[in-house]
Structures are given as structure tokens and as C-alpha cells.
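*Asks:* Let me give you the structure first, and then I'll get to my questions.
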Amino acid sequence: MVTYLVENNLDEVEINPKNGSQNPVRAIAEKHGIALDVLIDESVKRGLLKPYPVDMLVFCPKCGSSTFRLRLKCPNCGSLNVTRNTLFSHVTCGYIGVLEEAPRDSKGRIFCPKCKQELLKEGQDWVKIGVNWRCRDCGTTFAYPKPLLECVACGAKADENTLVYRQVYRYKVDKKIASDLYAQTFSKRVGEVLAAYGWTVTPASEIKGVSSIPKNATLLAERKGEKMLVYNIFPREGNVEEARREVLNALGAALDGAFNHLILGVKTPTQVAKMPENVSSIEGGTLEEVINKLRDKLTKEKH
Ligand SMILES: [Zn+2]
Ligand SMILES: [Zn+2]
Ligand SMILES: [Zn+2]
């Protein structure tokens, strides 16, 4: 997950319940055999992702479809025989009544029931005062009818009490935390590979008071008296220039010639015109690629 977020330099991710397995985050969860919800919860708990709601989707309680026909019903008796009443005032004569009940002719012109003049321009000779609804069956007047959703797929009916809804979230990526976690994974993977080839690996941060160890090194690897400093470099928070600077710093540190140096760059160019003899480098577009190349290199050196 962290690898995906950092290597794609993502600012945010969206989990939409509708677009199933096309979602890369869902694919990651499946690959690792964990539920998507668990993966997301865990990422939120670690501060890697910060959720914010962007949408709400409504689903049929019977078949899960999300396509509905909307019906409006009376909140009192449930009848669908409801009608909208628009209250209006005819400014010209002072009449107040229901617009839908005013007489109209075949051309759609509406006339004032009191003075029989045509209603000409809304906001001038007549104004809307408000809207309410009325049930023709039980006579109740109400502000809003109740929605009744009819599922297009299976015909089931659902209302606000029975419909299934799900919030759609987007998640902001905390790039600092993502980079920190990525650095941890990077160190762990590299450490494992080196250990498999007989190196004893110590995080450089744990070696205190050894002035010959440059601050920017990630790992110190030792084997049979041989010492090698490893630099794990990737664009932290998407910053490629900073990563490039780290490479130059590592090359600078190599100049005193005391140790061998290995620069590992993910999405970071590590080659320079004149590579010092005690420096080797590996670069790749992903951590996976760098790890594989490192394994190949160590295998070759063995033979
Ligand atoms: Zn349905
Ligand atoms: Zn009613
Ligand atoms: Zn009138």
C-alpha cells in the first residue's frame, strides 16, 4: 500500500463501492489477502490516509442495484396520489391562491381566478409565495412528500427506512508518513537481501559516535572485515531534486575512500559521469525492481 502511494506520488485515493475490482487499492488488498476495509482502516489508524466523504450512494436492499425510479408518497397515508400546490399572489388584484388550480387555456396561458386577467410575468404582476403538497386521498397538507424508490432491476420498493446507503470517501495521503513508512520498508527489504548473502546489517542511525559513518547513509553492512555503506534513496514526498541531492551527498561521502558505498535509487537517477571506484549504484522505477537488481548483483559477485 505504502509502496503504491509513494511510487505513484499520490495525493489522494478514492474508494468507490461501485467500481469494484478496477480500484488499485482493492487490487492491493486482494493481492495480500486482506479485506479492503481492513487495509483502509489500518492505513487510517497509522495516519497514512485521512478520510473525507465525497458522495453517498443508495442501493436496493433486495438486489444491490443502484438504479431507481423515484415516486413521491403522502407521509400520512402512503398514497401516491399527491399533488404540489404553489401558492401565488396576483399583485394586480391582490388574489392569493393555488397556481395549479388557476384556469389555463389551450395555449398554456394561466388566468387569475378572481379578476380573470392573464398572469403575465412572475415577479411583476404575480409572485410565488411558497410551495406545499397535498394528498388527494386523505386531504393532508405537508411540506415535503416522502420518497419511494422503485428498483429498476428487481422492482423492489424501498424508502428512507429500508434503502441501503454507503458513503463514498476520498482519502488524503499523508506524504510525510507515507515516505517514513516507505523508508522503513526499503531498509527492511534491503537488509533482508544483504543478510541472505552473508552481510551483517546495522541501521546507520544506530551507530552512534562513529564519526566515519556519514549521516546520510542508511545501512552499514559488514562481512568478513569488509565494510559497505548503503544509501537508500527515493523521492521523499515526491521531491526528485532532493533525492538527486542525496545521491550527490553520498558520492561526496565516498570521496574519503574509507569504505565501499552502495547507492540504491528508486525513481532517482544515480549515475554520474565519473563514478568513484569504491561506489556502485543500482536504480529502478520501483522498490521491487531495485531489490531484484540487488539480488542479481550479489549473486554475480558470489560467483
Ligand atoms: Zn433491486
Ligand atoms: Zn394521504
Ligand atoms: Zn387577479
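Simple scheme: letters A, B, ... for chains in C-alpha cells order, numbers from 1 for residues in each chain, numbers from 1 for ligands in the order shown.
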Find the residues around Cys115 of chain A up to 9 Å (only C-alpha atoms counted), leave out those fewer than 2 positions away in its own chain, and share them as a CSV table (one decimal) with all heavy atoms, in the first residue's frame.
*Replies:*
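Below is the file part26.csv, written as the result:
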```csv
chain,number,residue,atom,x,y,z
A,92,THR,N,-51.8,42.4,-9.1
A,92,THR,CA,-52.7,43.4,-9.8
A,92,THR,C,-54.0,43.5,-9.0
A,92,THR,O,-54.5,44.6,-8.7
A,92,THR,CB,-53.0,42.9,-11.2
A,92,THR,OG1,-51.8,42.4,-11.8
A,92,THR,CG2,-53.6,44.0,-12.0
A,93,CYS,N,-54.5,42.3,-8.5
A,93,CYS,CA,-55.8,42.4,-7.8
A,93,CYS,C,-55.8,41.9,-6.3
A,93,CYS,O,-56.7,42.0,-5.6
A,93,CYS,CB,-56.9,41.6,-8.5
A,93,CYS,SG,-56.7,39.8,-8.3
A,95,TYR,N,-55.3,38.9,-5.2
A,95,TYR,CA,-55.8,37.5,-5.0
A,95,TYR,C,-54.6,36.6,-4.6
A,95,TYR,O,-53.5,36.7,-5.1
A,95,TYR,CB,-56.4,36.9,-6.3
A,95,TYR,CG,-56.8,35.5,-6.2
A,95,TYR,CD1,-58.0,35.1,-5.6
A,95,TYR,CD2,-56.0,34.5,-6.7
A,95,TYR,CE1,-58.4,33.8,-5.5
A,95,TYR,CE2,-56.3,33.2,-6.6
A,95,TYR,CZ,-57.5,32.8,-6.0
A,95,TYR,OH,-57.9,31.5,-6.0
A,111,PHE,N,-54.7,32.1,-15.9
A,111,PHE,CA,-55.5,33.3,-15.6
A,111,PHE,C,-55.9,33.4,-14.1
A,111,PHE,O,-56.0,32.4,-13.5
A,111,PHE,CB,-56.8,33.3,-16.4
A,111,PHE,CG,-56.6,33.3,-17.9
A,111,PHE,CD1,-56.4,32.1,-18.6
A,111,PHE,CD2,-56.5,34.5,-18.6
A,111,PHE,CE1,-56.1,32.1,-20.0
A,111,PHE,CE2,-56.2,34.5,-20.0
A,111,PHE,CZ,-56.0,33.3,-20.7
A,112,CYS,N,-56.0,34.6,-13.6
A,112,CYS,CA,-56.3,34.8,-12.2
A,112,CYS,C,-57.8,34.4,-12.0
A,112,CYS,O,-58.7,34.8,-12.8
A,112,CYS,CB,-56.1,36.3,-11.9
A,112,CYS,SG,-56.8,36.7,-10.2
A,113,PRO,N,-58.0,33.5,-11.0
A,113,PRO,CA,-59.4,33.0,-10.8
A,113,PRO,C,-60.3,34.2,-10.4
A,113,PRO,O,-61.6,34.1,-10.6
A,113,PRO,CB,-59.3,32.0,-9.7
A,113,PRO,CG,-57.8,31.7,-9.6
A,113,PRO,CD,-57.1,32.9,-10.1
A,117,GLN,N,-57.8,38.1,-15.4
A,117,GLN,CA,-56.7,38.6,-16.2
A,117,GLN,C,-55.6,37.5,-16.3
A,117,GLN,O,-55.4,36.7,-15.5
A,117,GLN,CB,-56.0,39.8,-15.6
A,117,GLN,CG,-56.8,41.1,-15.8
A,117,GLN,CD,-56.1,42.3,-15.2
A,117,GLN,OE1,-54.9,42.5,-15.5
A,117,GLN,NE2,-56.8,43.0,-14.3
A,118,GLU,N,-54.9,37.6,-17.4
A,118,GLU,CA,-53.8,36.6,-17.6
A,118,GLU,C,-52.6,36.9,-16.6
A,118,GLU,O,-52.3,38.1,-16.4
A,118,GLU,CB,-53.2,36.7,-19.1
A,118,GLU,CG,-52.3,35.6,-19.4
A,118,GLU,CD,-51.6,35.7,-20.7
A,118,GLU,OE1,-52.0,36.5,-21.5
A,118,GLU,OE2,-50.5,35.1,-20.9
```
*Asks:* Please, which residues have at least one atom within 9 Å of an atom of ligand 2, using only C-alpha atoms and all ligand atoms, listed as a ChimeraX atom specification?
*Replies:* /A:73-82,134-141
*Asks:* If you keep N, CA, C and O atoms, can you produce a file of those selected residues as a PDB file, in the first residue's frame?
*Replies:*
```
ATOM      1  N   LYS A  73     -44.734   9.916  -2.109  1.00  0.00           N
ATOM      2  CA  LYS A  73     -45.952   9.473  -1.436  1.00  0.00           C
ATOM      3  C   LYS A  73     -46.321  10.370  -0.258  1.00  0.00           C
ATOM      4  O   LYS A  73     -45.495  11.115   0.277  1.00  0.00           O
ATOM      5  N   CYS A  74     -47.583  10.235   0.154  1.00  0.00           N
ATOM      6  CA  CYS A  74     -48.114  11.020   1.258  1.00  0.00           C
ATOM      7  C   CYS A  74     -47.490  10.519   2.566  1.00  0.00           C
ATOM      8  O   CYS A  74     -47.532   9.320   2.847  1.00  0.00           O
ATOM      9  N   PRO A  75     -46.923  11.413   3.366  1.00  0.00           N
ATOM     10  CA  PRO A  75     -46.312  10.974   4.623  1.00  0.00           C
ATOM     11  C   PRO A  75     -47.351  10.497   5.641  1.00  0.00           C
ATOM     12  O   PRO A  75     -47.010   9.793   6.596  1.00  0.00           O
ATOM     13  N   ASN A  76     -48.618  10.831   5.408  1.00  0.00           N
ATOM     14  CA  ASN A  76     -49.668  10.443   6.353  1.00  0.00           C
ATOM     15  C   ASN A  76     -50.247   9.075   6.026  1.00  0.00           C
ATOM     16  O   ASN A  76     -50.227   8.170   6.863  1.00  0.00           O
ATOM     17  N   CYS A  77     -50.725   8.877   4.767  1.00  0.00           N
ATOM     18  CA  CYS A  77     -51.402   7.613   4.455  1.00  0.00           C
ATOM     19  C   CYS A  77     -50.619   6.756   3.458  1.00  0.00           C
ATOM     20  O   CYS A  77     -50.992   5.626   3.182  1.00  0.00           O
ATOM     21  N   GLY A  78     -49.519   7.265   2.902  1.00  0.00           N
ATOM     22  CA  GLY A  78     -48.709   6.467   1.986  1.00  0.00           C
ATOM     23  C   GLY A  78     -49.213   6.470   0.551  1.00  0.00           C
ATOM     24  O   GLY A  78     -48.597   5.850  -0.314  1.00  0.00           O
ATOM     25  N   SER A  79     -50.317   7.175   0.280  1.00  0.00           N
ATOM     26  CA  SER A  79     -50.857   7.214  -1.086  1.00  0.00           C
ATOM     27  C   SER A  79     -49.895   7.934  -2.021  1.00  0.00           C
ATOM     28  O   SER A  79     -49.177   8.860  -1.615  1.00  0.00           O
ATOM     29  N   LEU A  80     -49.860   7.481  -3.292  1.00  0.00           N
ATOM     30  CA  LEU A  80     -49.030   8.164  -4.292  1.00  0.00           C
ATOM     31  C   LEU A  80     -49.823   9.294  -4.961  1.00  0.00           C
ATOM     32  O   LEU A  80     -49.293  10.010  -5.810  1.00  0.00           O
ATOM     33  N   ASN A  81     -51.089   9.436  -4.549  1.00  0.00           N
ATOM     34  CA  ASN A  81     -51.958  10.434  -5.160  1.00  0.00           C
ATOM     35  C   ASN A  81     -51.745  11.787  -4.472  1.00  0.00           C
ATOM     36  O   ASN A  81     -52.625  12.297  -3.801  1.00  0.00           O
ATOM     37  N   VAL A  82     -50.530  12.327  -4.680  1.00  0.00           N
ATOM     38  CA  VAL A  82     -50.206  13.601  -4.032  1.00  0.00           C
ATOM     39  C   VAL A  82     -50.017  14.685  -5.081  1.00  0.00           C
ATOM     40  O   VAL A  82     -49.700  14.388  -6.232  1.00  0.00           O
ATOM     41  N   ARG A 134     -50.178  18.283  -1.107  1.00  0.00           N
ATOM     42  CA  ARG A 134     -51.444  17.853  -0.531  1.00  0.00           C
ATOM     43  C   ARG A 134     -51.766  16.453  -1.033  1.00  0.00           C
ATOM     44  O   ARG A 134     -51.480  16.107  -2.191  1.00  0.00           O
ATOM     45  N   CYS A 135     -52.297  15.632  -0.128  1.00  0.00           N
ATOM     46  CA  CYS A 135     -52.708  14.279  -0.515  1.00  0.00           C
ATOM     47  C   CYS A 135     -54.168  14.325  -0.937  1.00  0.00           C
ATOM     48  O   CYS A 135     -55.020  14.794  -0.191  1.00  0.00           O
ATOM     49  N   ARG A 136     -54.440  13.851  -2.144  1.00  0.00           N
ATOM     50  CA  ARG A 136     -55.815  13.880  -2.645  1.00  0.00           C
ATOM     51  C   ARG A 136     -56.667  12.814  -1.948  1.00  0.00           C
ATOM     52  O   ARG A 136     -57.893  12.892  -1.956  1.00  0.00           O
ATOM     53  N   ASP A 137     -55.985  11.797  -1.386  1.00  0.00           N
ATOM     54  CA  ASP A 137     -56.764  10.718  -0.759  1.00  0.00           C
ATOM     55  C   ASP A 137     -57.166  11.051   0.674  1.00  0.00           C
ATOM     56  O   ASP A 137     -58.317  10.864   1.054  1.00  0.00           O
ATOM     57  N   CYS A 138     -56.198  11.557   1.492  1.00  0.00           N
ATOM     58  CA  CYS A 138     -56.553  11.810   2.888  1.00  0.00           C
ATOM     59  C   CYS A 138     -56.684  13.296   3.209  1.00  0.00           C
ATOM     60  O   CYS A 138     -57.030  13.677   4.321  1.00  0.00           O
ATOM     61  N   GLY A 139     -56.339  14.166   2.227  1.00  0.00           N
ATOM     62  CA  GLY A 139     -56.551  15.597   2.402  1.00  0.00           C
ATOM     63  C   GLY A 139     -55.463  16.303   3.202  1.00  0.00           C
ATOM     64  O   GLY A 139     -55.521  17.514   3.401  1.00  0.00           O
ATOM     65  N   THR A 140     -54.444  15.563   3.657  1.00  0.00           N
ATOM     66  CA  THR A 140     -53.386  16.186   4.457  1.00  0.00           C
ATOM     67  C   THR A 140     -52.540  17.126   3.594  1.00  0.00           C
ATOM     68  O   THR A 140     -52.287  16.839   2.425  1.00  0.00           O
ATOM     69  N   THR A 141     -52.119  18.219   4.174  1.00  0.00           N
ATOM     70  CA  THR A 141     -51.176  19.128   3.512  1.00  0.00           C
ATOM     71  C   THR A 141     -49.828  18.991   4.213  1.00  0.00           C
ATOM     72  O   THR A 141     -49.773  18.886   5.432  1.00  0.00           O
TER      73      THR A 141
END
```
*Asks:* Between A:Asp11, A:Val131, A:Lys114, A:Cys63, which has the minimum distance to Cys151 of chain A (counting only C-alpha atoms)?
*Replies:*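 When distances to Cys151 of chain A are compared using only C-alpha atoms, the smallest one comes from A:Cys63.
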*Asks:* Looking only at the backbone, which of the residues in segment 232-302 of chain A does DSSP tag as helix (DSSP H, G or I), as a PyMOL selection string?
*Replies:* chain A and resi 236-238+240-254+287-302
*Asks:* Export N, CA, C and O atoms of the chosen residues as a compact mmCIF listing (two decimals), in the first residue's frame?
*Replies:*
```txt
# COMPACT_ATOMS: atom_id res chain seq x y z
N ARG A 236 11.43 11.53 -1.49
CA ARG A 236 10.57 11.74 -0.31
C ARG A 236 9.53 12.78 -0.62
O ARG A 236 9.86 13.85 -1.13
N GLU A 237 8.30 12.47 -0.32
CA GLU A 237 7.18 13.37 -0.60
C GLU A 237 7.22 13.88 -2.04
O GLU A 237 6.87 15.01 -2.33
N GLY A 238 7.67 12.98 -2.93
CA GLY A 238 7.64 13.31 -4.36
C GLY A 238 8.78 14.22 -4.83
O GLY A 238 8.80 14.62 -5.99
N VAL A 240 11.99 14.85 -6.26
CA VAL A 240 13.05 14.18 -7.02
C VAL A 240 14.37 14.94 -6.88
O VAL A 240 15.44 14.33 -6.78
N GLU A 241 14.30 16.28 -6.88
CA GLU A 241 15.54 17.06 -6.77
C GLU A 241 16.27 16.78 -5.47
O GLU A 241 17.49 16.66 -5.43
N GLU A 242 15.49 16.69 -4.40
CA GLU A 242 16.08 16.39 -3.09
C GLU A 242 16.74 15.01 -3.12
O GLU A 242 17.85 14.82 -2.59
N ALA A 243 16.09 14.05 -3.78
CA ALA A 243 16.65 12.69 -3.88
C ALA A 243 17.96 12.73 -4.66
O ALA A 243 18.94 12.07 -4.30
N ARG A 244 17.97 13.53 -5.70
CA ARG A 244 19.17 13.67 -6.52
C ARG A 244 20.32 14.26 -5.68
O ARG A 244 21.46 13.86 -5.78
N ARG A 245 19.95 15.21 -4.83
CA ARG A 245 20.94 15.83 -3.94
C ARG A 245 21.51 14.78 -2.97
O ARG A 245 22.69 14.78 -2.67
N GLU A 246 20.64 13.88 -2.50
CA GLU A 246 21.10 12.82 -1.60
C GLU A 246 22.13 11.93 -2.29
O GLU A 246 23.08 11.47 -1.65
N VAL A 247 21.90 11.68 -3.59
CA VAL A 247 22.86 10.87 -4.35
C VAL A 247 24.21 11.58 -4.37
O VAL A 247 25.26 10.97 -4.12
N LEU A 248 24.19 12.89 -4.65
CA LEU A 248 25.44 13.65 -4.71
C LEU A 248 26.13 13.68 -3.35
O LEU A 248 27.35 13.56 -3.26
N ASN A 249 25.33 13.78 -2.28
CA ASN A 249 25.91 13.74 -0.94
C ASN A 249 26.60 12.41 -0.68
O ASN A 249 27.69 12.36 -0.09
N ALA A 250 25.95 11.33 -1.11
CA ALA A 250 26.53 10.00 -0.92
C ALA A 250 27.85 9.89 -1.68
O ALA A 250 28.84 9.35 -1.18
N LEU A 251 27.87 10.43 -2.90
CA LEU A 251 29.09 10.40 -3.71
C LEU A 251 30.18 11.23 -3.02
O LEU A 251 31.35 10.84 -2.99
N GLY A 252 29.76 12.34 -2.43
CA GLY A 252 30.70 13.19 -1.70
C GLY A 252 31.31 12.43 -0.53
O GLY A 252 32.52 12.48 -0.30
N ALA A 253 30.46 11.71 0.19
CA ALA A 253 30.91 10.96 1.36
C ALA A 253 31.87 9.85 0.96
O ALA A 253 32.73 9.44 1.74
N ALA A 254 31.74 9.35 -0.28
CA ALA A 254 32.57 8.24 -0.74
C ALA A 254 33.99 8.69 -1.05
O ALA A 254 34.90 7.88 -1.16
N LEU A 287 10.61 -0.19 -5.98
CA LEU A 287 11.42 -0.85 -4.95
C LEU A 287 11.66 -2.30 -5.35
O LEU A 287 12.77 -2.83 -5.20
N GLU A 288 10.61 -2.93 -5.90
CA GLU A 288 10.71 -4.32 -6.33
C GLU A 288 11.85 -4.51 -7.32
O GLU A 288 12.65 -5.45 -7.22
N GLU A 289 11.91 -3.59 -8.29
CA GLU A 289 12.94 -3.68 -9.33
C GLU A 289 14.34 -3.53 -8.71
O GLU A 289 15.26 -4.29 -9.05
N VAL A 290 14.49 -2.57 -7.80
CA VAL A 290 15.79 -2.35 -7.16
C VAL A 290 16.20 -3.58 -6.35
O VAL A 290 17.35 -4.01 -6.40
N ILE A 291 15.25 -4.16 -5.63
CA ILE A 291 15.54 -5.35 -4.82
C ILE A 291 16.00 -6.51 -5.72
O ILE A 291 16.98 -7.20 -5.43
N ASN A 292 15.29 -6.68 -6.84
CA ASN A 292 15.67 -7.76 -7.76
C ASN A 292 17.06 -7.54 -8.34
O ASN A 292 17.86 -8.48 -8.44
N LYS A 293 17.37 -6.30 -8.70
CA LYS A 293 18.69 -5.99 -9.26
C LYS A 293 19.78 -6.19 -8.21
O LYS A 293 20.88 -6.64 -8.53
N LEU A 294 19.45 -5.84 -6.97
CA LEU A 294 20.42 -6.02 -5.89
C LEU A 294 20.72 -7.51 -5.71
O LEU A 294 21.89 -7.91 -5.57
N ARG A 295 19.67 -8.31 -5.75
CA ARG A 295 19.83 -9.76 -5.61
C ARG A 295 20.71 -10.30 -6.74
O ARG A 295 21.65 -11.08 -6.50
N ASP A 296 20.44 -9.84 -7.98
CA ASP A 296 21.24 -10.27 -9.14
C ASP A 296 22.71 -9.90 -8.95
O ASP A 296 23.60 -10.70 -9.22
N LYS A 297 22.94 -8.68 -8.50
CA LYS A 297 24.31 -8.18 -8.33
C LYS A 297 25.06 -9.04 -7.29
O LYS A 297 26.19 -9.45 -7.52
N LEU A 298 24.37 -9.32 -6.16
CA LEU A 298 25.02 -10.10 -5.10
C LEU A 298 25.28 -11.53 -5.55
O LEU A 298 26.29 -12.12 -5.20
N THR A 299 24.37 -12.06 -6.35
CA THR A 299 24.55 -13.42 -6.88
C THR A 299 25.77 -13.46 -7.79
O THR A 299 26.59 -14.36 -7.71
N LYS A 300 25.88 -12.44 -8.66
CA LYS A 300 27.00 -12.37 -9.60
C LYS A 300 28.33 -12.28 -8.85
O LYS A 300 29.31 -12.92 -9.21
N GLU A 301 28.36 -11.46 -7.78
CA GLU A 301 29.59 -11.26 -7.02
C GLU A 301 30.05 -12.53 -6.33
O GLU A 301 31.23 -12.73 -6.07
N LYS A 302 29.07 -13.36 -6.02
CA LYS A 302 29.36 -14.61 -5.32
C LYS A 302 30.16 -15.57 -6.20
O LYS A 302 30.98 -16.33 -5.73
```
*Asks:* Just checking: using only C-alpha atoms and all ligand atoms, which residue out of A:Gly94, A:Gly225, A:Pro24, A:Gly64 ends up closest to ligand 3?
*Replies:* A:Gly94
*Asks:* Extract, using only C-alpha atoms, all DNA, RNA and protein residues at most 12 Å from Glu222 of chain A, discarding same-chain residues fewer than 2 positions from it, and format them as a list in words.
*Replies:*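 In the requested format, the answer is Gly191, Leu194, Ala195, Tyr197, Gly198, Trp199, Thr200, Val201, Thr202, Pro203, Ala204, Leu219, Leu220, Lys224, Gly225, Glu226, Lys227, Met228, Leu229, Val230, Phe259, Asn260 and His261 of chain A.
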*Asks:* Do you have, as JSON lines, the list of residues of chain A lying at most 6 Å from ligand 1, each with its nearest atom pair and that distance in Å to one decimal, counting only C-alpha atoms and all ligand atoms and ordered by chain then number?
*Replies:*
```
{"residue": "A:Cys60", "atom": "CA", "partner": "ligand 1", "partner_atom_place_in_ligand_line": "1 (Zn)", "distance": 4.6}
{"residue": "A:Lys62", "atom": "CA", "partner": "ligand 1", "partner_atom_place_in_ligand_line": "1 (Zn)", "distance": 5.0}
{"residue": "A:Cys63", "atom": "CA", "partner": "ligand 1", "partner_atom_place_in_ligand_line": "1 (Zn)", "distance": 4.0}
{"residue": "A:Gly64", "atom": "CA", "partner": "ligand 1", "partner_atom_place_in_ligand_line": "1 (Zn)", "distance": 5.9}
{"residue": "A:Ser65", "atom": "CA", "partner": "ligand 1", "partner_atom_place_in_ligand_line": "1 (Zn)", "distance": 5.4}
{"residue": "A:Cys151", "atom": "CA", "partner": "ligand 1", "partner_atom_place_in_ligand_line": "1 (Zn)", "distance": 4.6}
{"residue": "A:Ala153", "atom": "CA", "partner": "ligand 1", "partner_atom_place_in_ligand_line": "1 (Zn)", "distance": 5.2}
{"residue": "A:Cys154", "atom": "CA", "partner": "ligand 1", "partner_atom_place_in_ligand_line": "1 (Zn)", "distance": 4.1}
{"residue": "A:Gly155", "atom": "CA", "partner": "ligand 1", "partner_atom_place_in_ligand_line": "1 (Zn)", "distance": 5.9}
{"residue": "A:Ala156", "atom": "CA", "partner": "ligand 1", "partner_atom_place_in_ligand_line": "1 (Zn)", "distance": 5.3}
```
*Asks:* Between A:Val266, A:Leu149, A:Leu120, A:Met56, which one has atoms that come closest to Val6 of chain A, using only C-alpha atoms?
*Replies:* A:Val266
